[in-house]
Protein chains: 2
Amino acid sequence: MEAVIWKRPCVLALRSCGPFASCGSRGASSFRKGGPAPQRTFIVRAINSTGSGAVVARPSSSHKSKRSEGADGKLVALRQLFHKPGLQMDAYIIPSQDPHQSEFIAECFMRRAFISGFTGSAGTAVVTRDTASLWTDGRYFLQAENQLGPDWMLMRAGTAGVPTISEWLTDVLSPGSKVGIDPFLFSSDAAEELKDTLSTKDHKLIYVYDGNLVDEIWKDKPEPPTAPVRVHDIKYAGLDVPSKITSLRQNLLEAGATSIVISMVDEVAWLLNLRGNDVAHSPVAYAYLIVELDSTTLFIDPSKITPEVMVHLKNSKVTVKPYGSLLLEVERLANCGAKLWLDTSCTNVAIVDAFHSACNKYFENLAKRSKQKSIKERKKLLDAKSMDIEMEGPLAIHKTSPVAIAKAIKNEAELEGMRQAHLRDAAALAEFWTWLETKVVQDKMALTEVEVTDRLLEFRSKQAGFLDTSFDTISGSGANGAIIHYRAEPDTCNVVDDKKLYLLDSGGQYVDGTTDVTRTVHFGEPSLREKECYTRVLQGHIALDQAIFPENTPGFVLDVLARSSLWKIGLDYRHGTGHGVGASLNVHEGPQGISYRYENMTGLLGGMIVSNEPGYYEDRSFGIRIENLVIVREVETPNRFGGNSYLGFEKLTFVPIQSKLLELSLMSPAEVKWLNNYHSEVWKKVSPLVQGNVREWLWKNTRPVSIHSTA
Amino acid sequence: MEAVIWKRPCVLALRSCGPFASCGSRGASSFRKGGPAPQRTFIVRAINSTGSGAVVARPSSSHKSKRSEGADGKLVALRQLFHKPGLQMDAYIIPSQDPHQSEFIAECFMRRAFISGFTGSAGTAVVTRDTASLWTDGRYFLQAENQLGPDWMLMRAGTAGVPTISEWLTDVLSPGSKVGIDPFLFSSDAAEELKDTLSTKDHKLIYVYDGNLVDEIWKDKPEPPTAPVRVHDIKYAGLDVPSKITSLRQNLLEAGATSIVISMVDEVAWLLNLRGNDVAHSPVAYAYLIVELDSTTLFIDPSKITPEVMVHLKNSKVTVKPYGSLLLEVERLANCGAKLWLDTSCTNVAIVDAFHSACNKYFENLAKRSKQKSIKERKKLLDAKSMDIEMEGPLAIHKTSPVAIAKAIKNEAELEGMRQAHLRDAAALAEFWTWLETKVVQDKMALTEVEVTDRLLEFRSKQAGFLDTSFDTISGSGANGAIIHYRAEPDTCNVVDDKKLYLLDSGGQYVDGTTDVTRTVHFGEPSLREKECYTRVLQGHIALDQAIFPENTPGFVLDVLARSSLWKIGLDYRHGTGHGVGASLNVHEGPQGISYRYENMTGLLGGMIVSNEPGYYEDRSFGIRIENLVIVREVETPNRFGGNSYLGFEKLTFVPIQSKLLELSLMSPAEVKWLNNYHSEVWKKVSPLVQGNVREWLWKNTRPVSIHSTA
């Protein structure tokens, strides 16, 4: 799955956390503010339907485009709500995320899609009294043009001259206007930044606590998901819940905190060794967690808790409370003088403000009672990042959640689960590719991209422990391969045949691991251009795979290795090279990444998992991507300069790389050797899992290649 | 010359600008504050004597270590001044820079060396009522230990557990203490950051305007330099002064400014096509420049202006005022309602505060007169970076000086001057290496590192247009080569013989260009270890030299290319890979660089000059560095993805790379080809400039090498 970037501190991300909420993936956003970062398009996976498969994987959204139908009516109805008593708003912002910053969201949160008709994964709608605009990025311009009604204006984010939402609003509204947001749908950081920008023209940002305005006009709004959660087996989790909570409490003590709100749904799932089923592709449940020094409370719809899960939670001394009671609990914490750790980059401003308000009240009451003059002092300390907690009273400690990094560094059981899941996934893919090659080459069939996707799911679903696809399969033939975020639709999709390149990016969720692999193939005669581009993409992949680097090197340092071969002939690709991957969890996770987003200073550490997926996309022609997942691991170097550990990559993915697409004369002997070694490993590891013609296909497709040179 | 980094916005740099001042190179500092940057040592070139050469190059400092002699007395005398009327200070900070943030400084500014005895280029002394401490970085620990008296404490900056100066002061002083600085010696940014940190414990930072306290006890303080300035010929400058000033005024208009203070001495030199002689190695004069929309004023000691220069200035409509009258002029600007562009990262806080205070007075008077209630509003706008200058009254616009980037992008005349200077420099080096090889190999002589340095200067000084060395030559034999910043001293230095590696990093200032080149050689039998390390350093050099990359790629992106080959075996080097170089100006200039200092987002652009100098240093054993200067140039790629220009490097340096040190079996065919092509170019370009045995040496040392493979 193509790489995205996580948790950018400098990004004005329009993120969210809501009334029905916890906090998912630290959301990517197309709303950057200025800064020196390169002007490249920011790539995020879309939330899209897989089409109708015969098996378990569910489409992540059933929203369909309804060009302009009813759009007017929706806008009229929404604008009427601007005048509700006490509101008198001039604009309302409808972001695309769920309340937990999740990348994949439940349908009941797809308010932006409902109001605008645009179903892409990234985009924010802004409705003023007389305009309706949608910001999205380059991947979605075409789709948005097709889906938006005539009353909507498309704002092509990242294009020269197109302002950010906050810039535009600041500029277009008359001074002193009121801009409303649902405070559950914006992270505290995003809301603060929005507020700051708006204030330069005396606009006010107002939090509409009294229900989401879109919900009020969304008659057939889907119900919140109610799927039961399950226990993630300790043999895959590797570490029991009390151990994880103990480590987290250690983090709290070191930071001078007494409690923390965990707001991202994959962090909650990881900490509690639970998996959910609320959202397609991500095995998570909507929930919050509050960990205090002596108690742990899970906020979740109690109907999702099976008796088995209840036992598991009791054994871990975790109390369950209703999902909706979180804010009350946050206020209680303030009243008890808690030093509360809040990750404001992913915790919604409703939660953060609830705590701050309760703190203010606490000190005001204290002052009233004791007539002390210390109010001001206390208030000053309220937001301090200081470690000094010797003082009485509550304190907000704004710091990145320590769970993200703990989760990113996999333990041996998690790594072993990932290895095993990848082998079964590789066997399924060997079966799939054998089938597809037979159909296209021998039977001369032209299958649609959707048919191919459906069949792939069947092969995967036969594997032990398969649960779901880990994202909507990207199945792009010919020109569709060049649409980095492509979703094949049954009625419009292309055919896979022996005339064009075919790019397939897919992955599975298994009980023991999560996979994500991309291969690009040609069943006929590739052009010289296709071969040169493919070879250079593979050279980038190899260069990154072979990198050895000091521990804690930020991922972006390695990004250039994957691009150099393309740059030599003036080519490039507009997405990151690698993203973190969860262990039987979200296919995209932070905090690490390998990308040209240079703000992400997270160092690579042993035990992290990242993708290695350079690509090249020729508009209206073809797309190429070659993706493996790899484990970051310490390597034995003959020296350890400066006492540093040196790290390299262990491959997780074992799927043949089509050799016929290679222009071998461009490759160095070392690169050829890498390919041959890889294929030898693929044969050794995957051949025991397949039989008959699949084994034959695997044998044929793992034979060494040679160039006319030696060395 | 080994690479350093320039102009780091996030660095708490203790920089300066003073009563006898303008503003030199945007100073490097070892005082980083927190942040996620890697814990590597920060390398800065030292200011050191070249020893006694027979020719024109002057030592940059004649300070010698006097271990503890008189140190006590100085501290006692200094501390007495803490109690001057109105002061009552608890600590005084003495930084190492001159008032212009120059890297190389005049002797009269070497106050830190005077007070502490420590003569290294980087370091800051902090004297409290009962302690005296010196902060310096890893390059200088040994030297500082030797030079500091018994009353001094060495603070090993960058070492685990060692606080920064501001942290330490904040912690060690009793709450509410007063810390004094000379406001001419700290950039506004550095002073502000210091003030902020100190204020967390209610300490006050006070600006001692009434003369530098060290000067008061420095009896035999050298006089300020008085060397005359000269006109830098238009045939080398390429662009006349009126054209440069016109461009700068365009920058002012675009930023909404009406005037700017240029505070770095190389920027003044570049803008006015002048060169000075106030400081060793850097052809600059101490001066400030104020450019307004309709006038240009140079602040300089008038005795430095020759009649020829006066004509040149008059032709460019530049007025001359005494150096010391700058602050008055800055105040006048405020009174006239100027919108003044100030680069607070390199302009001293005395200047910035003078303007701010005058602005405050302006608005107070305005309010008094008109009894308007707008004072607060005005004040709010004072520091605004807003482009809105429709309002009346003065305004400070804090932005990076536009001259840095204009100077960094060389025009064709400057590039041609650099090319020509490098060819003559290469001829001098060919003569030098021929001489040295003969002495060591044939005559079996063991010459001292200083003797070799002196002789090198003689060869250079015979070349047309030679003016000075561009920095103190680093001449390190054996273990001394591992001291990245090594300065050979006649009485303690090593010999250059056929037993050890010899590293020579040197450069020249010529009328048409500035050179900087490092070669490492062995005149006998190098060990396998030396050969492997040398080969890997060269591989890094080659990888960087061959890079092709999109225009505007930040230099740090390429840094990994120079390190990868070393990382493969767990080796690294603790300095950046490349620094900018001036055209017949400072050998170190910003804003671009190639380094692991990831904050420097300056994109590489065609016309910039950078060094390419990976190295490897084995403590107490040997040092290796291979350095060429290169021009960043657009290359013709078969594609231009995203409409981007692609850039590569054109070599400026043409000096043989010793092939006998190579372990050819480690090298790829492409790397061998690079080396052979380079040597073929060296022969073609430099052989016409040398005769006899030098030509013979050049022929021998530019022969192609071959490995047993083909491809």
# chains A, B, ... in the order shown; residues from 1 in each chain; ligands from 1
>>> closest_atom_pairs(of="chain B", to="chain A", cutoff="7 Å", atoms="only C-alpha atoms", output="tab-separated table")
residue	atom	partner	partner_atom	distance
B:Pro36	CA	A:Met601	CA	6.5
B:Ile548	CA	A:Lys568	CA	5.3
B:Phe549	CA	A:Trp567	CA	5.6
B:Val557	CA	A:Val557	CA	6.3
B:Val560	CA	A:Val557	CA	6.5
B:Trp567	CA	A:Phe549	CA	5.6
B:Lys568	CA	A:Ile548	CA	5.3
B:Ile569	CA	A:Thr637	CA	5.1
B:Gly570	CA	A:Asn639	CA	4.6
B:Leu571	CA	A:Phe641	CA	4.9
B:Asp572	CA	A:Phe641	CA	6.2
B:Met601	CA	A:Pro36	CA	6.5
B:Thr637	CA	A:Ile569	CA	5.1
B:Pro638	CA	A:Ile569	CA	5.6
B:Asn639	CA	A:Gly570	CA	4.6
B:Arg640	CA	A:Gly570	CA	4.9
B:Phe641	CA	A:Leu571	CA	5.0
B:Tyr646	CA	A:Gly570	CA	6.2
B:Ser709	CA	A:Ala711	CA	5.8
B:Thr710	CA	A:Ser709	CA	6.2
B:Ala711	CA	A:Ser709	CA	5.6
>>> write_last_selection(atoms="N, CA, C and O atoms", output="JSON list (two decimals), in the first residue's frame")
[["chain", "number", "residue", "atom", "x", "y", "z"],
["B", 36, "PRO", "N", 15.23, 17.41, 18.38],
["B", 36, "PRO", "CA", 15.42, 16.03, 17.98],
["B", 36, "PRO", "C", 16.66, 15.79, 17.12],
["B", 36, "PRO", "O", 16.84, 14.70, 16.62],
["B", 548, "ILE", "N", 22.22, 13.23, -9.07],
["B", 548, "ILE", "CA", 21.35, 14.11, -9.86],
["B", 548, "ILE", "C", 20.06, 14.20, -9.06],
["B", 548, "ILE", "O", 19.57, 13.18, -8.56],
["B", 549, "PHE", "N", 19.53, 15.42, -8.92],
["B", 549, "PHE", "CA", 18.44, 15.61, -7.97],
["B", 549, "PHE", "C", 17.57, 16.79, -8.42],
["B", 549, "PHE", "O", 18.05, 17.68, -9.12],
["B", 557, "VAL", "N", 19.51, 16.17, 2.18],
["B", 557, "VAL", "CA", 18.97, 14.97, 1.53],
["B", 557, "VAL", "C", 20.10, 14.16, 0.89],
["B", 557, "VAL", "O", 20.04, 12.93, 0.83],
["B", 560, "VAL", "N", 23.45, 11.51, 2.97],
["B", 560, "VAL", "CA", 23.51, 10.06, 3.16],
["B", 560, "VAL", "C", 24.32, 9.39, 2.04],
["B", 560, "VAL", "O", 24.96, 8.36, 2.27],
["B", 567, "TRP", "N", 28.88, 3.51, 6.35],
["B", 567, "TRP", "CA", 27.87, 2.90, 7.23],
["B", 567, "TRP", "C", 27.82, 1.38, 7.04],
["B", 567, "TRP", "O", 27.57, 0.65, 8.00],
["B", 568, "LYS", "N", 28.07, 0.92, 5.81],
["B", 568, "LYS", "CA", 27.99, -0.52, 5.54],
["B", 568, "LYS", "C", 28.87, -1.32, 6.48],
["B", 568, "LYS", "O", 28.59, -2.49, 6.77],
["B", 569, "ILE", "N", 30.00, -0.72, 6.91],
["B", 569, "ILE", "CA", 30.87, -1.45, 7.84],
["B", 569, "ILE", "C", 30.88, -0.78, 9.22],
["B", 569, "ILE", "O", 31.79, -0.99, 10.02],
["B", 570, "GLY", "N", 29.85, 0.02, 9.50],
["B", 570, "GLY", "CA", 29.72, 0.59, 10.83],
["B", 570, "GLY", "C", 30.65, 1.75, 11.10],
["B", 570, "GLY", "O", 31.00, 2.02, 12.25],
["B", 571, "LEU", "N", 31.04, 2.48, 10.05],
["B", 571, "LEU", "CA", 31.88, 3.67, 10.25],
["B", 571, "LEU", "C", 31.09, 4.92, 9.87],
["B", 571, "LEU", "O", 30.07, 4.85, 9.20],
["B", 572, "ASP", "N", 31.62, 6.07, 10.29],
["B", 572, "ASP", "CA", 30.93, 7.34, 10.05],
["B", 572, "ASP", "C", 31.94, 8.46, 10.28],
["B", 572, "ASP", "O", 33.08, 8.21, 10.68],
["B", 601, "MET", "N", 16.82, 23.79, 5.64],
["B", 601, "MET", "CA", 15.95, 23.42, 4.53],
["B", 601, "MET", "C", 16.32, 24.14, 3.23],
["B", 601, "MET", "O", 15.62, 24.02, 2.24],
["B", 637, "THR", "N", 18.44, 16.12, -18.34],
["B", 637, "THR", "CA", 17.91, 14.77, -18.15],
["B", 637, "THR", "C", 16.92, 14.47, -19.27],
["B", 637, "THR", "O", 16.28, 15.40, -19.78],
["B", 638, "PRO", "N", 16.77, 13.20, -19.63],
["B", 638, "PRO", "CA", 15.83, 12.86, -20.70],
["B", 638, "PRO", "C", 14.38, 13.17, -20.31],
["B", 638, "PRO", "O", 13.53, 13.28, -21.18],
["B", 639, "ASN", "N", 14.10, 13.29, -19.01],
["B", 639, "ASN", "CA", 12.76, 13.65, -18.54],
["B", 639, "ASN", "C", 12.88, 14.82, -17.57],
["B", 639, "ASN", "O", 13.95, 15.08, -17.03],
["B", 640, "ARG", "N", 11.77, 15.48, -17.34],
["B", 640, "ARG", "CA", 11.71, 16.55, -16.33],
["B", 640, "ARG", "C", 10.42, 16.37, -15.56],
["B", 640, "ARG", "O", 9.48, 17.14, -15.73],
["B", 641, "PHE", "N", 10.41, 15.34, -14.72],
["B", 641, "PHE", "CA", 9.18, 14.97, -14.00],
["B", 641, "PHE", "C", 8.65, 16.15, -13.20],
["B", 641, "PHE", "O", 9.40, 16.83, -12.49],
["B", 646, "TYR", "N", 16.48, 19.38, -13.11],
["B", 646, "TYR", "CA", 17.33, 18.48, -12.34],
["B", 646, "TYR", "C", 18.74, 19.02, -12.32],
["B", 646, "TYR", "O", 19.22, 19.58, -13.30],
["B", 709, "SER", "N", 37.46, -6.86, -13.67],
["B", 709, "SER", "CA", 36.15, -7.16, -14.25],
["B", 709, "SER", "C", 35.93, -6.33, -15.49],
["B", 709, "SER", "O", 36.70, -5.43, -15.82],
["B", 710, "THR", "N", 34.84, -6.60, -16.16],
["B", 710, "THR", "CA", 34.44, -5.78, -17.30],
["B", 710, "THR", "C", 33.27, -4.90, -16.90],
["B", 710, "THR", "O", 33.31, -4.27, -15.86],
["B", 711, "ALA", "N", 32.26, -4.85, -17.69],
["B", 711, "ALA", "CA", 31.00, -4.09, -17.47],
["B", 711, "ALA", "C", 31.19, -2.61, -17.43],
["B", 711, "ALA", "O", 31.94, -1.96, -16.95]]
>>> select_by_dssp(residues="range 203-354 of chain B", states="helix (DSSP H, G or I)", output="PyMOL selection string")
chain B and resi 213-217+234-237+241-255+265-272+302-304+307-315+323-335+349-354
>>> residues_around(residues="Asp516 in chain A", least_positions_apart="2", cutoff="6 Å", atoms="only C-alpha atoms", output="list in words")
Met1, Ser506 and Gly507 of chain A
>>> write_last_selection(atoms="C-alpha atoms", output="PDB file, in the first residue's frame")
ATOM      1  CA  MET A   1       0.000   0.000   0.000  1.00  0.00           C
ATOM      2  CA  SER A 506      -3.051  -5.366  -1.711  1.00  0.00           C
ATOM      3  CA  GLY A 507      -2.789  -6.764   1.771  1.00  0.00           C
TER       4      GLY A 507
END
>>> atom_distance(atom1="CA of Glu329 in chain B", atom2="CA of His398 in chain B")
18.2 Å
>>> residues_around(residues="Leu253 in chain A", least_positions_apart="5", cutoff="9 Å", atoms="only C-alpha atoms", output="JSON, numbers by chain")
{"A": [248, 258, 293]}
>>> atom_distance(atom1="CA of Asn701 in chain B", atom2="CA of Ala464 in chain B")
24.6 Å
>>> residues_around(residues="range 418-428 of chain B", least_positions_apart="2", cutoff="9 Å", atoms="only C-alpha atoms", output="PyMOL selection string")
chain B and resi 236+413-416+430-433+456+458-466+507-516+583-584+651-655+682+685-687+689-690+694
>>> residues_around(residues="Thr296 in chain A", least_positions_apart="5", cutoff="7 Å", atoms="only C-alpha atoms", output="number ranges by chain")
A: 290-291, 317-319
>>> residues_around(residues="Pro302 in chain B", least_positions_apart="4", cutoff="12 Å", atoms="only C-alpha atoms", output="list in words")
Thr226, Ala227, Pro228, Val229, Ala285, Tyr286, Ala287, Leu298, Thr306, Pro307, Val309, Met310, Thr319, Val320, Lys321, Pro322, Tyr323, Gly324 and Ser325 of chain B
>>> write_last_selection(atoms="N, CA, C and O atoms", output="PDB file, in the first residue's frame")
ATOM      1  N   THR B 226      42.921  48.277  10.557  1.00  0.00           N
ATOM      2  CA  THR B 226      42.759  49.531   9.802  1.00  0.00           C
ATOM      3  C   THR B 226      43.122  49.370   8.335  1.00  0.00           C
ATOM      4  O   THR B 226      43.368  50.346   7.638  1.00  0.00           O
ATOM      5  N   ALA B 227      43.210  48.121   7.869  1.00  0.00           N
ATOM      6  CA  ALA B 227      43.660  47.890   6.498  1.00  0.00           C
ATOM      7  C   ALA B 227      42.715  48.538   5.500  1.00  0.00           C
ATOM      8  O   ALA B 227      41.499  48.552   5.705  1.00  0.00           O
ATOM      9  N   PRO B 228      43.254  49.091   4.417  1.00  0.00           N
ATOM     10  CA  PRO B 228      42.398  49.713   3.402  1.00  0.00           C
ATOM     11  C   PRO B 228      41.579  48.675   2.645  1.00  0.00           C
ATOM     12  O   PRO B 228      41.993  47.525   2.506  1.00  0.00           O
ATOM     13  N   VAL B 229      40.421  49.069   2.180  1.00  0.00           N
ATOM     14  CA  VAL B 229      39.631  48.180   1.322  1.00  0.00           C
ATOM     15  C   VAL B 229      40.014  48.446  -0.128  1.00  0.00           C
ATOM     16  O   VAL B 229      40.638  49.455  -0.454  1.00  0.00           O
ATOM     17  N   ALA B 285      36.068  43.616   5.229  1.00  0.00           N
ATOM     18  CA  ALA B 285      36.341  44.739   6.134  1.00  0.00           C
ATOM     19  C   ALA B 285      35.178  44.839   7.108  1.00  0.00           C
ATOM     20  O   ALA B 285      34.043  44.520   6.765  1.00  0.00           O
ATOM     21  N   TYR B 286      35.478  45.275   8.305  1.00  0.00           N
ATOM     22  CA  TYR B 286      34.397  45.482   9.275  1.00  0.00           C
ATOM     23  C   TYR B 286      33.559  46.667   8.843  1.00  0.00           C
ATOM     24  O   TYR B 286      34.074  47.786   8.731  1.00  0.00           O
ATOM     25  N   ALA B 287      32.301  46.408   8.567  1.00  0.00           N
ATOM     26  CA  ALA B 287      31.410  47.464   8.080  1.00  0.00           C
ATOM     27  C   ALA B 287      29.966  47.005   8.167  1.00  0.00           C
ATOM     28  O   ALA B 287      29.678  45.816   8.171  1.00  0.00           O
ATOM     29  N   LEU B 298      27.234  53.279   3.823  1.00  0.00           N
ATOM     30  CA  LEU B 298      28.231  52.330   4.321  1.00  0.00           C
ATOM     31  C   LEU B 298      28.797  52.870   5.627  1.00  0.00           C
ATOM     32  O   LEU B 298      29.276  54.012   5.675  1.00  0.00           O
ATOM     33  N   THR B 306      40.133  54.250   0.347  1.00  0.00           N
ATOM     34  CA  THR B 306      41.129  54.885  -0.521  1.00  0.00           C
ATOM     35  C   THR B 306      40.410  55.782  -1.519  1.00  0.00           C
ATOM     36  O   THR B 306      39.200  55.655  -1.713  1.00  0.00           O
ATOM     37  N   PRO B 307      41.125  56.664  -2.160  1.00  0.00           N
ATOM     38  CA  PRO B 307      40.469  57.516  -3.175  1.00  0.00           C
ATOM     39  C   PRO B 307      39.800  56.674  -4.263  1.00  0.00           C
ATOM     40  O   PRO B 307      38.678  56.974  -4.690  1.00  0.00           O
ATOM     41  N   VAL B 309      38.506  53.712  -4.004  1.00  0.00           N
ATOM     42  CA  VAL B 309      37.273  53.141  -3.456  1.00  0.00           C
ATOM     43  C   VAL B 309      36.202  54.227  -3.334  1.00  0.00           C
ATOM     44  O   VAL B 309      35.022  53.989  -3.601  1.00  0.00           O
ATOM     45  N   MET B 310      36.639  55.436  -2.962  1.00  0.00           N
ATOM     46  CA  MET B 310      35.671  56.526  -2.812  1.00  0.00           C
ATOM     47  C   MET B 310      34.995  56.836  -4.148  1.00  0.00           C
ATOM     48  O   MET B 310      33.778  57.043  -4.203  1.00  0.00           O
ATOM     49  N   THR B 319      26.929  56.458   0.198  1.00  0.00           N
ATOM     50  CA  THR B 319      27.475  57.443   1.129  1.00  0.00           C
ATOM     51  C   THR B 319      28.255  56.715   2.213  1.00  0.00           C
ATOM     52  O   THR B 319      27.886  55.603   2.606  1.00  0.00           O
ATOM     53  N   VAL B 320      29.331  57.320   2.700  1.00  0.00           N
ATOM     54  CA  VAL B 320      30.118  56.717   3.775  1.00  0.00           C
ATOM     55  C   VAL B 320      29.877  57.473   5.072  1.00  0.00           C
ATOM     56  O   VAL B 320      29.881  58.703   5.098  1.00  0.00           O
ATOM     57  N   LYS B 321      29.635  56.717   6.148  1.00  0.00           N
ATOM     58  CA  LYS B 321      29.521  57.339   7.477  1.00  0.00           C
ATOM     59  C   LYS B 321      30.424  56.558   8.430  1.00  0.00           C
ATOM     60  O   LYS B 321      30.760  55.396   8.158  1.00  0.00           O
ATOM     61  N   PRO B 322      30.775  57.196   9.559  1.00  0.00           N
ATOM     62  CA  PRO B 322      31.655  56.476  10.491  1.00  0.00           C
ATOM     63  C   PRO B 322      30.973  55.213  11.012  1.00  0.00           C
ATOM     64  O   PRO B 322      29.760  55.193  11.242  1.00  0.00           O
ATOM     65  N   TYR B 323      31.779  54.206  11.176  1.00  0.00           N
ATOM     66  CA  TYR B 323      31.320  52.911  11.658  1.00  0.00           C
ATOM     67  C   TYR B 323      30.478  53.051  12.928  1.00  0.00           C
ATOM     68  O   TYR B 323      29.435  52.416  13.081  1.00  0.00           O
ATOM     69  N   GLY B 324      30.943  53.890  13.828  1.00  0.00           N
ATOM     70  CA  GLY B 324      30.303  54.006  15.138  1.00  0.00           C
ATOM     71  C   GLY B 324      28.958  54.718  15.125  1.00  0.00           C
ATOM     72  O   GLY B 324      28.266  54.764  16.139  1.00  0.00           O
ATOM     73  N   SER B 325      28.575  55.274  13.975  1.00  0.00           N
ATOM     74  CA  SER B 325      27.328  56.061  13.954  1.00  0.00           C
ATOM     75  C   SER B 325      26.118  55.231  13.548  1.00  0.00           C
ATOM     76  O   SER B 325      25.037  55.773  13.330  1.00  0.00           O
TER      77      SER B 325
END
>>> select_by_dssp(residues="range 174-205 of chain A", states="strand (DSSP E)", output="number ranges by chain")
A: 178-181, 204-205
>>> write_last_selection(atoms="N, CA and C atoms", output="PDB file, in the first residue's frame")
ATOM      1  N   LYS A 178     -17.986  34.452  12.510  1.00  0.00           N
ATOM      2  CA  LYS A 178     -17.931  33.288  13.388  1.00  0.00           C
ATOM      3  C   LYS A 178     -17.867  32.008  12.551  1.00  0.00           C
ATOM      4  N   VAL A 179     -16.847  31.217  12.814  1.00  0.00           N
ATOM      5  CA  VAL A 179     -16.654  29.967  12.087  1.00  0.00           C
ATOM      6  C   VAL A 179     -16.890  28.818  13.056  1.00  0.00           C
ATOM      7  N   GLY A 180     -17.805  27.931  12.715  1.00  0.00           N
ATOM      8  CA  GLY A 180     -18.142  26.839  13.619  1.00  0.00           C
ATOM      9  C   GLY A 180     -17.461  25.537  13.239  1.00  0.00           C
ATOM     10  N   ILE A 181     -17.108  24.771  14.246  1.00  0.00           N
ATOM     11  CA  ILE A 181     -16.633  23.396  14.023  1.00  0.00           C
ATOM     12  C   ILE A 181     -17.242  22.495  15.095  1.00  0.00           C
ATOM     13  N   LYS A 204     -13.942  34.624  14.916  1.00  0.00           N
ATOM     14  CA  LYS A 204     -13.990  33.756  16.098  1.00  0.00           C
ATOM     15  C   LYS A 204     -14.208  32.316  15.653  1.00  0.00           C
ATOM     16  N   LEU A 205     -13.468  31.403  16.255  1.00  0.00           N
ATOM     17  CA  LEU A 205     -13.735  29.982  16.025  1.00  0.00           C
ATOM     18  C   LEU A 205     -14.662  29.529  17.143  1.00  0.00           C
TER      19      LEU A 205
END
